[in-house]
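Each remark here refers to the structure printed beneath this line.
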Amino acid sequence: MSKMTLEKKESLHSYLYLLPGTLVMLAFVLIPMFMSVYMSAFNITSLYGTWTFTGFGNYLSVLGDSRFWASLGRTVLFGAWGLADGFSFGLLWSFMVARHRFLNLYRYIFYIPSVVSSITMARLWNYVFVPTDYGFANSILMGLGLVQTPVNWLGEDMITWLVLLLAFYGAGGGMTLVLFTTAINNIEESMREVAKIEGASTLQTVFMVELPLIKPVIVSYLILSIIGSFKAFENLYGLAPNSVGVETIAVYLYRNVQNSSMGYGYASAIGVVNTLIVMIIMEIYTRLPGGKTE
């Protein structure tokens with residue numbers, strides 16, 4: 001038997017290195033994904049009961065469900081708002097501190113909000129805005145004489161505005177600041193020097209030199225943020241578990257699994273439709289001028 005060549009050995013080593021990650025991806029991503037698509041074709045009230053084949057029946061029910069469309073609207077609203085303030089504040093903070101000598105300190109400070117889990121922070125906000133006179137926010141307002149009766153912060157009339165307000169918490173911090181400051185600092189200083197020689201102001205240098213050069217990072221951030229907005233669950237459900245006003249697609253899917261008589265098949269169909277919507281948005285985005293990272 002001939003000895004294995006160096007090239008074949010390197011190829012074998014490469015496959016061996018990729019094998020653990022591939023197995024994890026297969027077990028925890030691909031198999032559940034295909035299983036979800038399969039389940040969406042059945043009416044499943046119990047995983048261990050009878051699965052009744054419905055074909056595209058669940059999908060037709062989803063598309064005719066007004067509550068699903070309302071949850072899609074909230075998903076788009078909350079996602080667009082969160083993307084706008086996160087992106088704008090992220091860029092602003094990044095250009096302010098990117099070349100500061102205390103950059104690492106700023107990174108630690110702005111990263112702190114992302115260290116706390118979303119569900120924990122959501123429950124803390126829930127305690128702050130408990131709609132009684134013992135709630136933290138209400139006790140302050142009533143103590144100052146600004147209101148006479150407790151404000152129902154978690155009621156259907158207020159919850160949407162509360163979610164939009166809380167989106168400013170940690171906006172632009174976390175990985176956003178780390179990604180953007182790293183990208184800014186990776187720009188060759190000679191590019192800025194050329195712009196100064198040409199008479200460009202600091203603001204012109206930012207818009208004409210630095211922003212175009214960090215475009216791949218910006219595009220990646222936007223794509224990940226859009227995907228994340230369609231998966232938003234913990235921060236909303238933890239804030240108001242029983243409120244329809246926080247019912248995004250992910251929350252609606254979860255509630256269908258927990259409480260709906262439609263069962264797991266219907267919830268799976270919601271998940272598949274949600275995935276298709278994200279794929280369509282990504283395809284449209286990448287086909288727009290400036291949508292690609294190259």
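Simple scheme: letters A, B, ... for chains in structure tokens order, numbers from 1 for residues in each chain, numbers from 1 for ligands in the order shown.
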
Listing only residues of segment 61-156 of chain A within 9 Å of segment 216-232 of chain A, what is the closest atom pair and its distance in Å (to one decimal) for each, using only C-alpha atoms, sorted by chain and residue number ascending, as CSV?
residue,atom,partner,partner_atom,distance
A:Leu72,CA,A:Phe230,CA,8.7
A:Thr75,CA,A:Phe230,CA,6.3
A:Val76,CA,A:Ser229,CA,7.7
A:Phe78,CA,A:Ser229,CA,7.4
A:Gly79,CA,A:Ser229,CA,4.7
A:Ala80,CA,A:Ile226,CA,8.1
A:Gly82,CA,A:Ser229,CA,8.0
A:Leu83,CA,A:Ser225,CA,6.4
A:Phe87,CA,A:Leu222,CA,8.1

With N, CA, C and O atoms retained, export the selected residues as a JSON list (two decimals), in the first residue's frame.
[["chain", "number", "residue", "atom", "x", "y", "z"],
["A", 72, "LEU", "N", -46.65, 39.98, 12.73],
["A", 72, "LEU", "CA", -45.65, 40.35, 11.73],
["A", 72, "LEU", "C", -45.44, 41.86, 11.71],
["A", 72, "LEU", "O", -44.30, 42.34, 11.62],
["A", 75, "THR", "N", -43.36, 42.77, 14.64],
["A", 75, "THR", "CA", -41.98, 42.33, 14.41],
["A", 75, "THR", "C", -41.23, 43.34, 13.56],
["A", 75, "THR", "O", -40.09, 43.71, 13.87],
["A", 76, "VAL", "N", -41.88, 43.80, 12.49],
["A", 76, "VAL", "CA", -41.25, 44.79, 11.61],
["A", 76, "VAL", "C", -41.05, 46.12, 12.34],
["A", 76, "VAL", "O", -39.99, 46.75, 12.23],
["A", 78, "PHE", "N", -40.86, 46.78, 15.71],
["A", 78, "PHE", "CA", -39.83, 46.69, 16.76],
["A", 78, "PHE", "C", -38.44, 46.48, 16.14],
["A", 78, "PHE", "O", -37.45, 47.04, 16.62],
["A", 79, "GLY", "N", -38.38, 45.66, 15.09],
["A", 79, "GLY", "CA", -37.10, 45.39, 14.46],
["A", 79, "GLY", "C", -36.52, 46.62, 13.79],
["A", 79, "GLY", "O", -35.32, 46.91, 13.93],
["A", 80, "ALA", "N", -37.36, 47.35, 13.05],
["A", 80, "ALA", "CA", -36.89, 48.55, 12.35],
["A", 80, "ALA", "C", -36.46, 49.62, 13.35],
["A", 80, "ALA", "O", -35.43, 50.28, 13.15],
["A", 82, "GLY", "N", -35.44, 49.13, 16.52],
["A", 82, "GLY", "CA", -34.22, 48.68, 17.18],
["A", 82, "GLY", "C", -33.01, 48.78, 16.28],
["A", 82, "GLY", "O", -31.91, 49.14, 16.72],
["A", 83, "LEU", "N", -33.19, 48.47, 15.00],
["A", 83, "LEU", "CA", -32.09, 48.56, 14.04],
["A", 83, "LEU", "C", -31.67, 50.01, 13.84],
["A", 83, "LEU", "O", -30.47, 50.32, 13.79],
["A", 87, "PHE", "N", -28.06, 51.02, 15.17],
["A", 87, "PHE", "CA", -27.09, 51.34, 14.13],
["A", 87, "PHE", "C", -26.60, 52.78, 14.25],
["A", 87, "PHE", "O", -25.39, 53.04, 14.19]]

Taking 2 positions as the minimum chain separation for residues in the same chain, which residues sit within 10 Å of Phe180 of chain A when counting only C-alpha atoms? Answer as a ChimeraX atom specification.
/A:87,90-95,98,172,175-178,182-186,214,217-218,221

Give me, as a PDB file with N, CA and C atoms, in the first residue's frame, all polymer residues having an atom no more than 7 Å from segment 36-50 of chain A, counting only C-alpha atoms and skipping those fewer than 2 positions away in the same chain.
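New file out15.pdb:
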ATOM      1  N   PRO A  32     -33.337  19.588  13.182  1.00  0.00           N
ATOM      2  CA  PRO A  32     -34.548  20.278  13.671  1.00  0.00           C
ATOM      3  C   PRO A  32     -35.234  21.117  12.592  1.00  0.00           C
ATOM      4  N   MET A  33     -34.432  21.712  11.687  1.00  0.00           N
ATOM      5  CA  MET A  33     -35.025  22.527  10.639  1.00  0.00           C
ATOM      6  C   MET A  33     -35.892  21.675   9.709  1.00  0.00           C
ATOM      7  N   PHE A  34     -35.342  20.548   9.248  1.00  0.00           N
ATOM      8  CA  PHE A  34     -36.107  19.672   8.364  1.00  0.00           C
ATOM      9  C   PHE A  34     -37.279  19.026   9.108  1.00  0.00           C
ATOM     10  N   THR A  52     -52.214  13.998  11.977  1.00  0.00           N
ATOM     11  CA  THR A  52     -53.128  14.011  10.836  1.00  0.00           C
ATOM     12  C   THR A  52     -52.543  14.858   9.721  1.00  0.00           C
ATOM     13  N   PHE A  53     -52.350  14.247   8.552  1.00  0.00           N
ATOM     14  CA  PHE A  53     -51.741  14.963   7.430  1.00  0.00           C
ATOM     15  C   PHE A  53     -52.688  16.033   6.905  1.00  0.00           C
ATOM     16  N   THR A  54     -52.167  17.264   6.771  1.00  0.00           N
ATOM     17  CA  THR A  54     -52.986  18.380   6.268  1.00  0.00           C
ATOM     18  C   THR A  54     -52.380  19.026   5.014  1.00  0.00           C
ATOM     19  N   GLY A  55     -51.203  18.602   4.599  1.00  0.00           N
ATOM     20  CA  GLY A  55     -50.563  19.207   3.434  1.00  0.00           C
ATOM     21  C   GLY A  55     -50.210  20.664   3.685  1.00  0.00           C
ATOM     22  N   PHE A  56     -50.751  21.537   2.849  1.00  0.00           N
ATOM     23  CA  PHE A  56     -50.508  22.970   3.017  1.00  0.00           C
ATOM     24  C   PHE A  56     -51.589  23.645   3.860  1.00  0.00           C
ATOM     25  N   ASN A  58     -51.967  23.993   7.101  1.00  0.00           N
ATOM     26  CA  ASN A  58     -51.453  24.872   8.163  1.00  0.00           C
ATOM     27  C   ASN A  58     -50.967  26.200   7.599  1.00  0.00           C
ATOM     28  N   SER A 261     -54.985  25.221  20.316  1.00  0.00           N
ATOM     29  CA  SER A 261     -55.519  23.912  19.942  1.00  0.00           C
ATOM     30  C   SER A 261     -55.016  23.490  18.569  1.00  0.00           C
ATOM     31  N   MET A 262     -54.403  24.437  17.839  1.00  0.00           N
ATOM     32  CA  MET A 262     -53.867  24.127  16.507  1.00  0.00           C
ATOM     33  C   MET A 262     -52.654  23.202  16.596  1.00  0.00           C
ATOM     34  N   GLY A 263     -51.926  23.274  17.709  1.00  0.00           N
ATOM     35  CA  GLY A 263     -50.866  22.319  17.946  1.00  0.00           C
ATOM     36  C   GLY A 263     -49.526  22.657  17.336  1.00  0.00           C
ATOM     37  N   TYR A 264     -48.644  21.661  17.405  1.00  0.00           N
ATOM     38  CA  TYR A 264     -47.251  21.841  16.999  1.00  0.00           C
ATOM     39  C   TYR A 264     -47.113  22.041  15.494  1.00  0.00           C
ATOM     40  N   GLY A 265     -47.976  21.411  14.712  1.00  0.00           N
ATOM     41  CA  GLY A 265     -47.890  21.555  13.262  1.00  0.00           C
ATOM     42  C   GLY A 265     -48.122  22.982  12.822  1.00  0.00           C
ATOM     43  N   TYR A 266     -49.106  23.628  13.428  1.00  0.00           N
ATOM     44  CA  TYR A 266     -49.404  25.016  13.093  1.00  0.00           C
ATOM     45  C   TYR A 266     -48.256  25.929  13.510  1.00  0.00           C
ATOM     46  N   SER A 268     -45.143  25.049  13.777  1.00  0.00           N
ATOM     47  CA  SER A 268     -44.052  24.779  12.837  1.00  0.00           C
ATOM     48  C   SER A 268     -44.250  25.538  11.535  1.00  0.00           C
ATOM     49  N   ALA A 269     -45.495  25.613  11.072  1.00  0.00           N
ATOM     50  CA  ALA A 269     -45.790  26.360   9.847  1.00  0.00           C
ATOM     51  C   ALA A 269     -45.475  27.847  10.034  1.00  0.00           C
ATOM     52  N   VAL A 272     -41.733  28.199   9.713  1.00  0.00           N
ATOM     53  CA  VAL A 272     -41.284  28.083   8.323  1.00  0.00           C
ATOM     54  C   VAL A 272     -41.596  29.362   7.553  1.00  0.00           C
TER      55      VAL A 272
END

Compile the contact shell of segment 159-169 of chain A as a PDB file with C-alpha atoms, in the first residue's frame: residues with an atom at most 10 Å away, counting only C-alpha atoms, same-chain residues fewer than 6 positions apart removed.
ATOM      1  CA  ARG A  74     -45.078  44.308  15.414  1.00  0.00           C
ATOM      2  CA  LEU A  77     -41.976  47.816  13.810  1.00  0.00           C
ATOM      3  CA  PHE A  78     -39.833  46.694  16.756  1.00  0.00           C
ATOM      4  CA  GLY A  79     -37.098  45.389  14.462  1.00  0.00           C
ATOM      5  CA  TRP A  81     -36.871  50.763  15.450  1.00  0.00           C
ATOM      6  CA  GLY A  82     -34.219  48.679  17.181  1.00  0.00           C
ATOM      7  CA  LEU A  83     -32.093  48.560  14.038  1.00  0.00           C
ATOM      8  CA  ASP A  85     -31.342  53.334  17.053  1.00  0.00           C
ATOM      9  CA  GLY A  86     -28.771  50.539  17.434  1.00  0.00           C
ATOM     10  CA  PHE A  89     -25.926  55.143  18.104  1.00  0.00           C
ATOM     11  CA  PRO A 113     -25.696  45.783  28.986  1.00  0.00           C
ATOM     12  CA  ALA A 122     -36.809  41.956  30.694  1.00  0.00           C
ATOM     13  CA  TRP A 125     -37.987  46.083  33.507  1.00  0.00           C
ATOM     14  CA  PHE A 129     -43.090  49.088  35.355  1.00  0.00           C
ATOM     15  CA  ASN A 152     -50.849  50.902  33.462  1.00  0.00           C
ATOM     16  CA  TRP A 153     -47.489  50.665  31.704  1.00  0.00           C
ATOM     17  CA  ASN A 235     -36.897  40.572  25.949  1.00  0.00           C
ATOM     18  CA  LEU A 236     -40.534  40.911  24.870  1.00  0.00           C
ATOM     19  CA  LEU A 239     -41.451  42.116  29.817  1.00  0.00           C
ATOM     20  CA  ALA A 240     -45.142  41.293  29.463  1.00  0.00           C
ATOM     21  CA  SER A 243     -49.774  41.019  26.665  1.00  0.00           C
ATOM     22  CA  VAL A 244     -50.839  40.868  23.030  1.00  0.00           C
ATOM     23  CA  GLY A 245     -48.982  44.147  22.500  1.00  0.00           C
ATOM     24  CA  VAL A 246     -45.597  42.388  22.561  1.00  0.00           C
TER      25      VAL A 246
END

12 Å contact set for Tyr106 of chain A, only C-alpha atoms, chain neighbours under 2 positions out, as number ranges by chain:
A: 93-94, 96-104, 108-112, 173-174, 177-178, 181

Take the residues that were just selected and, keeping N, CA, C and O atoms, output them as a PDB file, in the first residue's frame.
ATOM      1  N   TRP A  93     -21.201  56.364  18.587  1.00  0.00           N
ATOM      2  CA  TRP A  93     -20.266  56.047  19.669  1.00  0.00           C
ATOM      3  C   TRP A  93     -18.920  55.578  19.115  1.00  0.00           C
ATOM      4  O   TRP A  93     -17.861  55.937  19.639  1.00  0.00           O
ATOM      5  N   SER A  94     -18.962  54.779  18.046  1.00  0.00           N
ATOM      6  CA  SER A  94     -17.732  54.192  17.508  1.00  0.00           C
ATOM      7  C   SER A  94     -16.796  55.262  16.968  1.00  0.00           C
ATOM      8  O   SER A  94     -15.589  55.234  17.238  1.00  0.00           O
ATOM      9  N   MET A  96     -16.744  58.297  17.870  1.00  0.00           N
ATOM     10  CA  MET A  96     -16.333  59.164  18.972  1.00  0.00           C
ATOM     11  C   MET A  96     -15.176  58.573  19.779  1.00  0.00           C
ATOM     12  O   MET A  96     -14.292  59.305  20.244  1.00  0.00           O
ATOM     13  N   VAL A  97     -15.171  57.243  19.939  1.00  0.00           N
ATOM     14  CA  VAL A  97     -14.188  56.628  20.849  1.00  0.00           C
ATOM     15  C   VAL A  97     -13.186  55.726  20.158  1.00  0.00           C
ATOM     16  O   VAL A  97     -12.266  55.220  20.808  1.00  0.00           O
ATOM     17  N   ALA A  98     -13.314  55.522  18.835  1.00  0.00           N
ATOM     18  CA  ALA A  98     -12.474  54.538  18.139  1.00  0.00           C
ATOM     19  C   ALA A  98     -10.990  54.789  18.333  1.00  0.00           C
ATOM     20  O   ALA A  98     -10.215  53.849  18.535  1.00  0.00           O
ATOM     21  N   ARG A  99     -10.572  56.043  18.284  1.00  0.00           N
ATOM     22  CA  ARG A  99      -9.140  56.334  18.391  1.00  0.00           C
ATOM     23  C   ARG A  99      -8.781  57.000  19.723  1.00  0.00           C
ATOM     24  O   ARG A  99      -7.729  57.630  19.844  1.00  0.00           O
ATOM     25  N   HIS A 100      -9.695  56.852  20.697  1.00  0.00           N
ATOM     26  CA  HIS A 100      -9.416  57.391  22.024  1.00  0.00           C
ATOM     27  C   HIS A 100      -8.494  56.448  22.787  1.00  0.00           C
ATOM     28  O   HIS A 100      -8.560  55.231  22.639  1.00  0.00           O
ATOM     29  N   ARG A 101      -7.637  56.987  23.626  1.00  0.00           N
ATOM     30  CA  ARG A 101      -6.679  56.145  24.339  1.00  0.00           C
ATOM     31  C   ARG A 101      -7.351  55.257  25.378  1.00  0.00           C
ATOM     32  O   ARG A 101      -6.784  54.259  25.818  1.00  0.00           O
ATOM     33  N   PHE A 102      -8.573  55.607  25.778  1.00  0.00           N
ATOM     34  CA  PHE A 102      -9.318  54.773  26.723  1.00  0.00           C
ATOM     35  C   PHE A 102     -10.362  53.917  26.009  1.00  0.00           C
ATOM     36  O   PHE A 102     -11.406  53.583  26.570  1.00  0.00           O
ATOM     37  N   LEU A 103     -10.070  53.542  24.757  1.00  0.00           N
ATOM     38  CA  LEU A 103     -11.030  52.781  23.963  1.00  0.00           C
ATOM     39  C   LEU A 103     -11.462  51.494  24.664  1.00  0.00           C
ATOM     40  O   LEU A 103     -12.649  51.174  24.710  1.00  0.00           O
ATOM     41  N   ASN A 104     -10.506  50.742  25.190  1.00  0.00           N
ATOM     42  CA  ASN A 104     -10.854  49.474  25.836  1.00  0.00           C
ATOM     43  C   ASN A 104     -11.781  49.678  27.026  1.00  0.00           C
ATOM     44  O   ASN A 104     -12.703  48.878  27.262  1.00  0.00           O
ATOM     45  N   TYR A 108     -15.615  48.156  27.465  1.00  0.00           N
ATOM     46  CA  TYR A 108     -16.120  47.437  28.625  1.00  0.00           C
ATOM     47  C   TYR A 108     -17.413  48.071  29.131  1.00  0.00           C
ATOM     48  O   TYR A 108     -18.384  47.373  29.454  1.00  0.00           O
ATOM     49  N   ILE A 109     -17.426  49.403  29.222  1.00  0.00           N
ATOM     50  CA  ILE A 109     -18.601  50.101  29.740  1.00  0.00           C
ATOM     51  C   ILE A 109     -19.814  49.861  28.849  1.00  0.00           C
ATOM     52  O   ILE A 109     -20.900  49.521  29.326  1.00  0.00           O
ATOM     53  N   PHE A 110     -19.637  50.036  27.535  1.00  0.00           N
ATOM     54  CA  PHE A 110     -20.756  49.876  26.612  1.00  0.00           C
ATOM     55  C   PHE A 110     -21.140  48.414  26.411  1.00  0.00           C
ATOM     56  O   PHE A 110     -22.240  48.123  25.921  1.00  0.00           O
ATOM     57  N   TYR A 111     -20.249  47.500  26.771  1.00  0.00           N
ATOM     58  CA  TYR A 111     -20.549  46.081  26.589  1.00  0.00           C
ATOM     59  C   TYR A 111     -21.358  45.511  27.747  1.00  0.00           C
ATOM     60  O   TYR A 111     -22.008  44.470  27.604  1.00  0.00           O
ATOM     61  N   ILE A 112     -21.332  46.204  28.888  1.00  0.00           N
ATOM     62  CA  ILE A 112     -21.996  45.700  30.093  1.00  0.00           C
ATOM     63  C   ILE A 112     -23.469  45.319  29.856  1.00  0.00           C
ATOM     64  O   ILE A 112     -23.904  44.250  30.307  1.00  0.00           O
ATOM     65  N   GLY A 173     -24.362  49.681  21.949  1.00  0.00           N
ATOM     66  CA  GLY A 173     -23.319  49.075  22.766  1.00  0.00           C
ATOM     67  C   GLY A 173     -23.077  47.627  22.376  1.00  0.00           C
ATOM     68  O   GLY A 173     -23.424  47.180  21.285  1.00  0.00           O
ATOM     69  N   GLY A 174     -22.500  46.874  23.291  1.00  0.00           N
ATOM     70  CA  GLY A 174     -22.273  45.460  23.036  1.00  0.00           C
ATOM     71  C   GLY A 174     -21.348  45.217  21.858  1.00  0.00           C
ATOM     72  O   GLY A 174     -20.373  45.938  21.635  1.00  0.00           O
ATOM     73  N   LEU A 177     -20.513  48.156  19.121  1.00  0.00           N
ATOM     74  CA  LEU A 177     -19.374  49.047  19.337  1.00  0.00           C
ATOM     75  C   LEU A 177     -18.063  48.335  19.057  1.00  0.00           C
ATOM     76  O   LEU A 177     -17.148  48.905  18.449  1.00  0.00           O
ATOM     77  N   VAL A 178     -17.947  47.088  19.478  1.00  0.00           N
ATOM     78  CA  VAL A 178     -16.711  46.333  19.248  1.00  0.00           C
ATOM     79  C   VAL A 178     -16.451  46.154  17.757  1.00  0.00           C
ATOM     80  O   VAL A 178     -15.329  46.374  17.274  1.00  0.00           O
ATOM     81  N   THR A 181     -15.763  49.809  16.013  1.00  0.00           N
ATOM     82  CA  THR A 181     -14.478  50.414  16.395  1.00  0.00           C
ATOM     83  C   THR A 181     -13.309  49.612  15.833  1.00  0.00           C
ATOM     84  O   THR A 181     -12.298  50.186  15.416  1.00  0.00           O
TER      85      THR A 181
END

Could you name the residues that touch Met208 of chain A at 12 Å or less, counting only C-alpha atoms, but leaving out those on the same chain fewer than 5 positions away, as a list in words?
Met191, Arg192, Val194, Ala195, Lys196, Glu198, Ala200, Ser201, Thr202, Leu203, Leu213, Ile214 and Lys215 of chain A
